[in-house]
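Data from start_39.pdb: PDB, C-alpha atoms and all ligand atoms
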```pdb
ATOM      1  CA  MET A  14     111.666 132.539  91.602  1.00  0.00           C
ATOM      2  CA  ALA A  15     107.898 132.811  91.432  1.00  0.00           C
ATOM      3  CA  SER A  16     106.391 129.490  90.478  1.00  0.00           C
ATOM      4  CA  ASP A  17     104.786 130.851  87.301  1.00  0.00           C
ATOM      5  CA  ASP A  18     108.047 132.260  85.944  1.00  0.00           C
ATOM      6  CA  ALA A  19     109.448 130.287  83.028  1.00  0.00           C
ATOM      7  CA  PRO A  20     112.904 129.068  84.053  1.00  0.00           C
ATOM      8  CA  THR A  21     115.837 130.188  81.931  1.00  0.00           C
ATOM      9  CA  GLY A  22     118.182 127.336  82.774  1.00  0.00           C
ATOM     10  CA  PRO A  23     118.739 124.227  84.887  1.00  0.00           C
ATOM     11  CA  VAL A  24     119.180 124.346  88.633  1.00  0.00           C
ATOM     12  CA  PRO A  25     122.511 122.874  89.786  1.00  0.00           C
ATOM     13  CA  PRO A  26     121.842 119.774  91.873  1.00  0.00           C
ATOM     14  CA  ALA A  27     123.319 119.475  95.348  1.00  0.00           C
ATOM     15  CA  GLY A  28     124.812 116.084  94.520  1.00  0.00           C
ATOM     16  CA  ILE A  29     124.212 112.366  94.229  1.00  0.00           C
ATOM     17  CA  ASN A  30     121.886 111.091  96.920  1.00  0.00           C
ATOM     18  CA  HIS A  31     121.758 107.331  96.376  1.00  0.00           C
ATOM     19  CA  LEU A  32     122.352 104.535  93.918  1.00  0.00           C
ATOM     20  CA  VAL A  33     120.210 101.470  93.273  1.00  0.00           C
ATOM     21  CA  LEU A  34     121.789  98.365  91.756  1.00  0.00           C
ATOM     22  CA  ASN A  35     119.978  95.420  90.217  1.00  0.00           C
ATOM     23  CA  VAL A  36     121.740  92.313  91.476  1.00  0.00           C
ATOM     24  CA  ARG A  37     121.581  88.653  90.651  1.00  0.00           C
ATOM     25  CA  ASP A  38     121.685  87.298  94.211  1.00  0.00           C
ATOM     26  CA  ILE A  39     120.511  89.597  97.020  1.00  0.00           C
ATOM     27  CA  GLU A  40     122.165  87.531  99.777  1.00  0.00           C
ATOM     28  CA  ARG A  41     125.513  87.472  98.016  1.00  0.00           C
ATOM     29  CA  SER A  42     125.399  91.220  97.388  1.00  0.00           C
ATOM     30  CA  ASP A  43     124.097  91.949 100.897  1.00  0.00           C
ATOM     31  CA  LYS A  44     127.117  90.158 102.328  1.00  0.00           C
ATOM     32  CA  PHE A  45     129.511  92.073 100.066  1.00  0.00           C
ATOM     33  CA  TRP A  46     128.088  95.515 100.758  1.00  0.00           C
ATOM     34  CA  THR A  47     127.776  94.998 104.520  1.00  0.00           C
ATOM     35  CA  GLU A  48     130.554  92.648 105.624  1.00  0.00           C
ATOM     36  CA  LEU A  49     133.185  93.824 103.156  1.00  0.00           C
ATOM     37  CA  MET A  50     132.197  97.387 102.312  1.00  0.00           C
ATOM     38  CA  GLY A  51     130.808  98.459 105.661  1.00  0.00           C
ATOM     39  CA  PHE A  52     127.289  99.572 104.831  1.00  0.00           C
ATOM     40  CA  LYS A  53     124.483  98.673 107.196  1.00  0.00           C
ATOM     41  CA  ARG A  54     121.028  97.622 106.191  1.00  0.00           C
ATOM     42  CA  CYS A  55     118.411 100.225 107.147  1.00  0.00           C
ATOM     43  CA  GLY A  56     115.266  98.993 105.435  1.00  0.00           C
ATOM     44  CA  GLU A  57     113.599  96.514 103.169  1.00  0.00           C
ATOM     45  CA  LEU A  58     110.746  96.782 100.716  1.00  0.00           C
ATOM     46  CA  HIS A  59     107.689  94.864 101.910  1.00  0.00           C
ATOM     47  CA  ARG A  60     106.161  93.882  98.609  1.00  0.00           C
ATOM     48  CA  PRO A  61     105.474  90.333  97.489  1.00  0.00           C
ATOM     49  CA  ASN A  62     107.094  90.498  94.062  1.00  0.00           C
ATOM     50  CA  MET A  63     110.021  92.843  94.627  1.00  0.00           C
ATOM     51  CA  THR A  64     113.117  92.006  96.667  1.00  0.00           C
ATOM     52  CA  MET A  65     114.777  95.271  97.592  1.00  0.00           C
ATOM     53  CA  ARG A  66     117.002  96.257 100.510  1.00  0.00           C
ATOM     54  CA  PHE A  67     118.290  99.653 101.579  1.00  0.00           C
ATOM     55  CA  TYR A  68     121.667 100.514 103.123  1.00  0.00           C
ATOM     56  CA  ASN A  69     123.401 103.502 104.619  1.00  0.00           C
ATOM     57  CA  GLY A  70     126.856 104.473 105.723  1.00  0.00           C
ATOM     58  CA  SER A  71     128.023 106.516 108.674  1.00  0.00           C
ATOM     59  CA  THR A  72     125.886 109.576 107.936  1.00  0.00           C
ATOM     60  CA  ASP A  73     122.661 107.704 108.667  1.00  0.00           C
ATOM     61  CA  ASN A  74     121.088 108.906 105.443  1.00  0.00           C
ATOM     62  CA  HIS A  75     117.708 107.222 104.770  1.00  0.00           C
ATOM     63  CA  HIS A  76     119.696 105.208 102.217  1.00  0.00           C
ATOM     64  CA  ASP A  77     122.906 105.653 100.266  1.00  0.00           C
ATOM     65  CA  LEU A  78     122.600 102.390  98.395  1.00  0.00           C
ATOM     66  CA  ALA A  79     119.821  99.947  97.571  1.00  0.00           C
ATOM     67  CA  LEU A  80     119.896  96.527  95.978  1.00  0.00           C
ATOM     68  CA  MET A  81     117.087  95.043  93.949  1.00  0.00           C
ATOM     69  CA  GLU A  82     117.190  91.385  93.050  1.00  0.00           C
ATOM     70  CA  VAL A  83     116.498  90.530  89.434  1.00  0.00           C
ATOM     71  CA  PRO A  84     114.030  87.660  89.150  1.00  0.00           C
ATOM     72  CA  SER A  85     115.920  84.719  87.661  1.00  0.00           C
ATOM     73  CA  GLU A  86     113.692  84.583  84.594  1.00  0.00           C
ATOM     74  CA  LYS A  87     114.749  88.174  83.833  1.00  0.00           C
ATOM     75  CA  ALA A  88     118.489  87.745  84.276  1.00  0.00           C
ATOM     76  CA  GLY A  89     119.067  88.168  80.553  1.00  0.00           C
ATOM     77  CA  PRO A  90     118.380  91.050  78.175  1.00  0.00           C
ATOM     78  CA  GLU A  91     114.865  92.418  78.429  1.00  0.00           C
ATOM     79  CA  GLU A  92     112.809  92.790  75.286  1.00  0.00           C
ATOM     80  CA  ASP A  93     110.176  95.055  76.788  1.00  0.00           C
ATOM     81  CA  ASP A  94     111.716  98.521  76.589  1.00  0.00           C
ATOM     82  CA  SER A  95     109.035 100.387  78.560  1.00  0.00           C
ATOM     83  CA  TRP A  96     110.543 102.288  81.482  1.00  0.00           C
ATOM     84  CA  SER A  97     110.018 100.784  84.901  1.00  0.00           C
ATOM     85  CA  LEU A  98     111.646 100.523  88.304  1.00  0.00           C
ATOM     86  CA  ALA A  99     111.209  96.750  88.138  1.00  0.00           C
ATOM     87  CA  PRO A 100     114.647  95.341  87.401  1.00  0.00           C
ATOM     88  CA  ALA A 101     115.007  94.091  83.833  1.00  0.00           C
ATOM     89  CA  GLY A 102     118.569  92.801  84.190  1.00  0.00           C
ATOM     90  CA  ILE A 103     121.638  93.340  86.346  1.00  0.00           C
ATOM     91  CA  GLY A 104     123.158  96.817  86.259  1.00  0.00           C
ATOM     92  CA  ILE A 105     122.147 100.234  87.477  1.00  0.00           C
ATOM     93  CA  ASN A 106     118.465 100.468  88.379  1.00  0.00           C
ATOM     94  CA  HIS A 107     118.617 104.208  88.967  1.00  0.00           C
ATOM     95  CA  PHE A 108     120.618 106.837  90.740  1.00  0.00           C
ATOM     96  CA  ALA A 109     119.228 109.817  92.570  1.00  0.00           C
ATOM     97  CA  ILE A 110     120.359 113.408  92.474  1.00  0.00           C
ATOM     98  CA  HIS A 111     119.058 115.814  95.042  1.00  0.00           C
ATOM     99  CA  TYR A 112     118.249 119.488  94.855  1.00  0.00           C
ATOM    100  CA  PRO A 113     118.972 121.825  97.734  1.00  0.00           C
ATOM    101  CA  ASP A 114     115.344 122.511  98.640  1.00  0.00           C
ATOM    102  CA  ARG A 115     111.743 122.256  97.508  1.00  0.00           C
ATOM    103  CA  GLU A 116     111.807 125.529  95.569  1.00  0.00           C
ATOM    104  CA  SER A 117     114.909 124.633  93.561  1.00  0.00           C
ATOM    105  CA  TRP A 118     113.482 121.176  92.882  1.00  0.00           C
ATOM    106  CA  LEU A 119     110.222 122.645  91.578  1.00  0.00           C
ATOM    107  CA  ALA A 120     112.164 125.091  89.397  1.00  0.00           C
ATOM    108  CA  GLN A 121     114.175 122.188  87.990  1.00  0.00           C
ATOM    109  CA  LEU A 122     111.011 120.173  87.292  1.00  0.00           C
ATOM    110  CA  ARG A 123     109.581 123.150  85.456  1.00  0.00           C
ATOM    111  CA  TRP A 124     112.793 123.452  83.450  1.00  0.00           C
ATOM    112  CA  LEU A 125     112.726 119.750  82.545  1.00  0.00           C
ATOM    113  CA  GLN A 126     109.079 119.905  81.563  1.00  0.00           C
ATOM    114  CA  GLN A 127     109.665 123.026  79.480  1.00  0.00           C
ATOM    115  CA  ASN A 128     112.396 121.085  77.642  1.00  0.00           C
ATOM    116  CA  GLU A 129     110.103 118.094  77.123  1.00  0.00           C
ATOM    117  CA  VAL A 130     112.001 115.691  79.327  1.00  0.00           C
ATOM    118  CA  LYS A 131     109.498 112.960  80.068  1.00  0.00           C
ATOM    119  CA  PHE A 132     108.572 112.327  83.694  1.00  0.00           C
ATOM    120  CA  GLU A 133     108.553 108.525  83.659  1.00  0.00           C
ATOM    121  CA  ILE A 134     107.262 108.210  87.194  1.00  0.00           C
ATOM    122  CA  ARG A 135     106.490 110.748  89.867  1.00  0.00           C
ATOM    123  CA  MET A 136     106.285 109.588  93.434  1.00  0.00           C
ATOM    124  CA  ASP A 137     106.049 110.970  96.929  1.00  0.00           C
ATOM    125  CA  HIS A 138     108.203 108.764  99.105  1.00  0.00           C
ATOM    126  CA  GLY A 139     108.335 108.992 102.872  1.00  0.00           C
ATOM    127  CA  MET A 140     111.728 110.670 102.836  1.00  0.00           C
ATOM    128  CA  THR A 141     111.814 112.362  99.418  1.00  0.00           C
ATOM    129  CA  HIS A 142     109.574 113.750  96.731  1.00  0.00           C
ATOM    130  CA  SER A 143     110.829 112.327  93.460  1.00  0.00           C
ATOM    131  CA  VAL A 144     110.492 112.408  89.693  1.00  0.00           C
ATOM    132  CA  TYR A 145     112.153 109.683  87.640  1.00  0.00           C
ATOM    133  CA  VAL A 146     113.520 110.584  84.228  1.00  0.00           C
ATOM    134  CA  SER A 147     115.744 108.741  81.734  1.00  0.00           C
ATOM    135  CA  ASP A 148     119.047 110.037  80.452  1.00  0.00           C
ATOM    136  CA  PRO A 149     119.775 109.589  76.711  1.00  0.00           C
ATOM    137  CA  ASP A 150     121.075 106.064  77.299  1.00  0.00           C
ATOM    138  CA  GLY A 151     118.118 105.048  79.415  1.00  0.00           C
ATOM    139  CA  TYR A 152     119.771 105.329  82.831  1.00  0.00           C
ATOM    140  CA  GLY A 153     117.119 106.000  85.414  1.00  0.00           C
ATOM    141  CA  CYS A 154     117.659 109.253  87.254  1.00  0.00           C
ATOM    142  CA  GLU A 155     115.584 110.147  90.295  1.00  0.00           C
ATOM    143  CA  VAL A 156     115.304 113.899  90.686  1.00  0.00           C
ATOM    144  CA  LEU A 157     114.422 114.610  94.289  1.00  0.00           C
ATOM    145  CA  TYR A 158     114.372 116.899  97.250  1.00  0.00           C
ATOM    146  CA  GLU A 159     114.682 115.548 100.723  1.00  0.00           C
ATOM    147  CA  LEU A 160     112.075 115.931 103.417  1.00  0.00           C
ATOM    148  CA  PRO A 161     113.371 117.005 106.825  1.00  0.00           C
ATOM    149  CA  ARG A 162     115.064 114.248 108.747  1.00  0.00           C
ATOM    150  CA  GLU A 163     112.478 114.485 111.531  1.00  0.00           C
ATOM    151  CA  VAL A 164     109.855 113.277 109.057  1.00  0.00           C
ATOM    152  CA  TRP A 165     111.392 109.868 108.412  1.00  0.00           C
ATOM    153  CA  GLU A 166     113.971 109.024 111.056  1.00  0.00           C
ATOM    154  CA  GLY A 167     111.369 107.774 113.549  1.00  0.00           C
ATOM    155  CA  ASP A 168     110.710 104.797 111.271  1.00  0.00           C
ATOM    156  CA  THR A 169     113.031 104.765 108.260  1.00  0.00           C
ATOM    157  CA  ASP A 170     111.762 101.403 107.032  1.00  0.00           C
ATOM    158  CA  ALA A 171     108.158 102.654 106.919  1.00  0.00           C
ATOM    159  CA  ALA A 172     109.244 105.825 105.131  1.00  0.00           C
ATOM    160  CA  LEU A 173     111.175 103.764 102.570  1.00  0.00           C
ATOM    161  CA  ASN A 174     108.054 101.699 101.926  1.00  0.00           C
ATOM    162  CA  TYR A 175     105.803 104.719 101.445  1.00  0.00           C
ATOM    163  CA  ALA A 176     105.153 105.452  97.768  1.00  0.00           C
ATOM    164  CA  VAL A 177     102.332 107.565  96.365  1.00  0.00           C
ATOM    165  CA  PRO A 178     102.223 107.791  92.555  1.00  0.00           C
ATOM    166  CA  LEU A 179     101.411 111.247  91.218  1.00  0.00           C
ATOM    167  CA  PRO A 180     100.582 112.803  87.832  1.00  0.00           C
ATOM    168  CA  THR A 181     103.483 113.069  85.393  1.00  0.00           C
ATOM    169  CA  GLU A 182     102.104 115.540  82.876  1.00  0.00           C
ATOM    170  CA  GLY A 183     100.942 119.135  82.718  1.00  0.00           C
ATOM    171  CA  GLU A 184     100.561 121.525  85.630  1.00  0.00           C
ATOM    172  CA  ALA A 185      99.479 118.640  87.884  1.00  0.00           C
ATOM    173  CA  ALA A 186     103.006 117.223  87.579  1.00  0.00           C
ATOM    174  CA  LEU A 187     104.330 120.359  89.250  1.00  0.00           C
ATOM    175  CA  GLU A 188     102.001 120.351  92.235  1.00  0.00           C
ATOM    176  CA  ASP A 189     103.732 119.374  95.433  1.00  0.00           C
ATOM    177  CA  THR A 190     102.211 118.973  98.851  1.00  0.00           C
ATOM    178  CA  THR A 191     103.934 120.133 102.003  1.00  0.00           C
ATOM    179  CA  GLU A 192     101.576 118.037 104.132  1.00  0.00           C
ATOM    180  CA  VAL A 193     103.575 114.890 104.621  1.00  0.00           C
ATOM    181  CA  PRO A 194     103.195 111.960 107.008  1.00  0.00           C
ATOM    182  CA  ILE A 195     105.542 111.762 109.989  1.00  0.00           C
ATOM    183  CA  PHE A 196     106.877 108.226 110.358  1.00  0.00           C
ATOM    184  CA  GLY A 197     107.160 106.623 113.761  1.00  0.00           C
ATOM    185  CA  ALA A 198     105.236 109.454 115.386  1.00  0.00           C
ATOM    186  CA  ASN A 199     102.831 107.075 117.133  1.00  0.00           C
ATOM    187  CA  ALA A 200     105.204 104.145 117.482  1.00  0.00           C
TER     188      ALA A 200
HETATM  189 FE    FE A 301     115.681 105.908  94.583  1.00  0.00          FE
END
```
So that I can check it, write out the structure of this file as structure tokens.
Amino acid sequence: MASDDAPTGPVPPAGINHLVLNVRDIERSDKFWTELMGFKRCGELHRPNMTMRFYNGSTDNHHDLALMEVPSEKAGPEEDDSWSLAPAGIGINHFAIHYPDRESWLAQLRWLQQNEVKFEIRMDHGMTHSVYVSDPDGYGCEVLYELPREVWEGDTDAALNYAVPLPTEGEAALEDTTEVPIFGANA
């Protein structure tokens, strides 16, 4: 489909890519998901005010699961209803669905925009290019396409920590660069 064609319907996603849970105690959940459920930790967010860890299974995906610890003062219901990736309480932070390739992802973004689905956040990560939207109940859904494995597997942790916010409205929200950093290239 040419990029200026108005889409006539949604693009079927390839599937669920990962799930992020807000948890009360990161160490307790880490133990459960690794020692009992068999995931292995493959990265950690290096930010002062966010405790987040990433896990994968046997496919060595950049992450299948992530856990974000809810600050104790936010363990109850949140009154601020603005949409954010910062955990407001325990539960699902967001889940990600992936599209087969860049072209199908861009067509889906165009379809969503045409139907006035708000892009809450748009972000280039080191391993995906992503738009976060809310479903009718407020579940965060990350709409993404994956960058080639060679881009991130040299340093998965660095790729997981890479986050470039991008415009969420108008034509600028549909511009996507193919010039991406290669992680671990000079390690
Ligand atoms: Fe995500």
Inset, instruction - Evaluate the PyMOL selection byres (((chain A and resi 54) around 8) and not hetatm) and record the selected residues as a PyMOL selection string, following the chain and residue labels used in the document. - result: chain A and resi 47+52-53+55-56+66-69
Could those residues be written to a file, using C-alpha atoms, as a PDB file, in the coordinates of the input?
```pdb
ATOM      1  CA  THR A  47     127.776  94.998 104.520  1.00  0.00           C
ATOM      2  CA  PHE A  52     127.289  99.572 104.831  1.00  0.00           C
ATOM      3  CA  LYS A  53     124.483  98.673 107.196  1.00  0.00           C
ATOM      4  CA  CYS A  55     118.411 100.225 107.147  1.00  0.00           C
ATOM      5  CA  GLY A  56     115.266  98.993 105.435  1.00  0.00           C
ATOM      6  CA  ARG A  66     117.002  96.257 100.510  1.00  0.00           C
ATOM      7  CA  PHE A  67     118.290  99.653 101.579  1.00  0.00           C
ATOM      8  CA  TYR A  68     121.667 100.514 103.123  1.00  0.00           C
ATOM      9  CA  ASN A  69     123.401 103.502 104.619  1.00  0.00           C
TER      10      ASN A  69
END
```
With 8 Å on each side, where is the centre of the axis-aligned box around all listed atoms of range 129-140 of chain A, and how long are its edges in Å to one decimal, as lines of an AutoDock Vina configuration file?
```
center_x = 109.0
center_y = 113.2
center_z = 90.0
size_x = 22.0
size_y = 25.9
size_z = 41.7
```
Give as a PDB file with C-alpha atoms, in the frame of the given file the residues that the PyMOL selection byres (((chain A and resi 154) around 12) and not hetatm) matches when applied to the coordinates above.
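Resulting contents of selection_39.pdb:
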```pdb
ATOM      1  CA  ILE A  29     124.212 112.366  94.229  1.00  0.00           C
ATOM      2  CA  ASN A  30     121.886 111.091  96.920  1.00  0.00           C
ATOM      3  CA  HIS A  31     121.758 107.331  96.376  1.00  0.00           C
ATOM      4  CA  LEU A  32     122.352 104.535  93.918  1.00  0.00           C
ATOM      5  CA  VAL A  33     120.210 101.470  93.273  1.00  0.00           C
ATOM      6  CA  TRP A  96     110.543 102.288  81.482  1.00  0.00           C
ATOM      7  CA  SER A  97     110.018 100.784  84.901  1.00  0.00           C
ATOM      8  CA  LEU A  98     111.646 100.523  88.304  1.00  0.00           C
ATOM      9  CA  ILE A 105     122.147 100.234  87.477  1.00  0.00           C
ATOM     10  CA  ASN A 106     118.465 100.468  88.379  1.00  0.00           C
ATOM     11  CA  HIS A 107     118.617 104.208  88.967  1.00  0.00           C
ATOM     12  CA  PHE A 108     120.618 106.837  90.740  1.00  0.00           C
ATOM     13  CA  ALA A 109     119.228 109.817  92.570  1.00  0.00           C
ATOM     14  CA  ILE A 110     120.359 113.408  92.474  1.00  0.00           C
ATOM     15  CA  HIS A 111     119.058 115.814  95.042  1.00  0.00           C
ATOM     16  CA  VAL A 130     112.001 115.691  79.327  1.00  0.00           C
ATOM     17  CA  LYS A 131     109.498 112.960  80.068  1.00  0.00           C
ATOM     18  CA  PHE A 132     108.572 112.327  83.694  1.00  0.00           C
ATOM     19  CA  GLU A 133     108.553 108.525  83.659  1.00  0.00           C
ATOM     20  CA  ILE A 134     107.262 108.210  87.194  1.00  0.00           C
ATOM     21  CA  ARG A 135     106.490 110.748  89.867  1.00  0.00           C
ATOM     22  CA  SER A 143     110.829 112.327  93.460  1.00  0.00           C
ATOM     23  CA  VAL A 144     110.492 112.408  89.693  1.00  0.00           C
ATOM     24  CA  TYR A 145     112.153 109.683  87.640  1.00  0.00           C
ATOM     25  CA  VAL A 146     113.520 110.584  84.228  1.00  0.00           C
ATOM     26  CA  SER A 147     115.744 108.741  81.734  1.00  0.00           C
ATOM     27  CA  ASP A 148     119.047 110.037  80.452  1.00  0.00           C
ATOM     28  CA  PRO A 149     119.775 109.589  76.711  1.00  0.00           C
ATOM     29  CA  ASP A 150     121.075 106.064  77.299  1.00  0.00           C
ATOM     30  CA  GLY A 151     118.118 105.048  79.415  1.00  0.00           C
ATOM     31  CA  TYR A 152     119.771 105.329  82.831  1.00  0.00           C
ATOM     32  CA  GLY A 153     117.119 106.000  85.414  1.00  0.00           C
ATOM     33  CA  GLU A 155     115.584 110.147  90.295  1.00  0.00           C
ATOM     34  CA  VAL A 156     115.304 113.899  90.686  1.00  0.00           C
ATOM     35  CA  LEU A 157     114.422 114.610  94.289  1.00  0.00           C
TER      36      LEU A 157
END
```
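The interatomic distance for the pair CA of Tyr112 in chain A and CA of Ser42 in chain A works out to 29.3 Å.
In this structure, CA of Pro178 in chain A sits 15.9 Å away from CA of Tyr158 in chain A.
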Inset, instruction - To one decimal in Å, tell me the separation between CA of Asp73 in chain A and CA of Leu160 in chain A. - result: 14.4 Å
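The closest residue to ligand FE 301 (chain A), picked from A:Met65, A:Leu179, A:Leu119, A:Ala185 and counting only C-alpha atoms and all ligand atoms, is A:Met65.
Checking A:Pro113, A:Pro180, A:Gly51, A:Pro84 one by one against Ala27 in chain A, counting all atoms listed in the file, you find the shortest gap at A:Pro113.
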Inset, instruction - Could you tell me which of A:Ile39, A:Val164, A:Val24, A:Leu173 comes closest to His75 in chain A if we count only C-alpha atoms? - result: A:Leu173
Inset, instruction - Taking the point (122.0, 126.4, 83.7) as given in the file, collect each protein or nucleic acid residue that comes within 12 Å of it, counting all atoms listed in the file, and present the set as a VMD selection string. - result: chain A and resid 20 to 26 120 to 121 124 to 125
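Nearest-residue note for Thr169 in chain A: choosing from A:Gln126, A:Asn62, A:Ser117, A:Thr141, the minimum distance belongs to A:Thr141, counting all atoms listed in the file.
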Inset, instruction - Would you be able to write out as JSON, numbers by chain which residues have an atom within 10 Å of (112.4, 94.1, 97.4) in the file's coordinates, counting only C-alpha atoms? - result: {"A": [39, 56, 57, 58, 59, 60, 61, 62, 63, 64, 65, 66, 67, 79, 80, 81, 82, 83, 99, 174]}
Generate N, CA and C atoms for range 30-46 of chain A and emit them as a tab-separated table (two decimals), in the coordinates of the input.
```tsv
chain	number	residue	atom	x	y	z
A	30	ASN	N	122.48	111.46	95.63
A	30	ASN	CA	121.89	111.09	96.92
A	30	ASN	C	121.97	109.59	97.18
A	31	HIS	N	121.64	108.78	96.20
A	31	HIS	CA	121.76	107.33	96.38
A	31	HIS	C	121.83	106.63	95.04
A	32	LEU	N	122.20	105.37	95.11
A	32	LEU	CA	122.35	104.54	93.92
A	32	LEU	C	121.62	103.22	94.17
A	33	VAL	N	120.91	102.75	93.16
A	33	VAL	CA	120.21	101.47	93.27
A	33	VAL	C	120.75	100.52	92.21
A	34	LEU	N	121.23	99.37	92.67
A	34	LEU	CA	121.79	98.36	91.76
A	34	LEU	C	120.85	97.17	91.64
A	35	ASN	N	120.66	96.70	90.44
A	35	ASN	CA	119.98	95.42	90.22
A	35	ASN	C	121.02	94.32	90.34
A	36	VAL	N	120.75	93.36	91.21
A	36	VAL	CA	121.74	92.31	91.48
A	36	VAL	C	121.15	90.93	91.23
A	37	ARG	N	122.04	90.00	90.98
A	37	ARG	CA	121.58	88.65	90.65
A	37	ARG	C	121.17	87.87	91.90
A	38	ASP	N	121.92	88.09	92.99
A	38	ASP	CA	121.68	87.30	94.21
A	38	ASP	C	121.74	88.26	95.39
A	39	ILE	N	120.59	88.56	95.97
A	39	ILE	CA	120.51	89.60	97.02
A	39	ILE	C	121.35	89.22	98.24
A	40	GLU	N	121.39	87.93	98.59
A	40	GLU	CA	122.16	87.53	99.78
A	40	GLU	C	123.66	87.70	99.54
A	41	ARG	N	124.10	87.33	98.36
A	41	ARG	CA	125.51	87.47	98.02
A	41	ARG	C	125.92	88.94	98.03
A	42	SER	N	125.08	89.79	97.43
A	42	SER	CA	125.40	91.22	97.39
A	42	SER	C	125.27	91.87	98.76
A	43	ASP	N	124.28	91.43	99.53
A	43	ASP	CA	124.10	91.95	100.90
A	43	ASP	C	125.38	91.72	101.70
A	44	LYS	N	125.89	90.52	101.61
A	44	LYS	CA	127.12	90.16	102.33
A	44	LYS	C	128.28	91.05	101.89
A	45	PHE	N	128.42	91.26	100.59
A	45	PHE	CA	129.51	92.07	100.07
A	45	PHE	C	129.42	93.51	100.57
A	46	TRP	N	128.22	94.09	100.45
A	46	TRP	CA	128.09	95.52	100.76
A	46	TRP	C	128.07	95.80	102.26
```
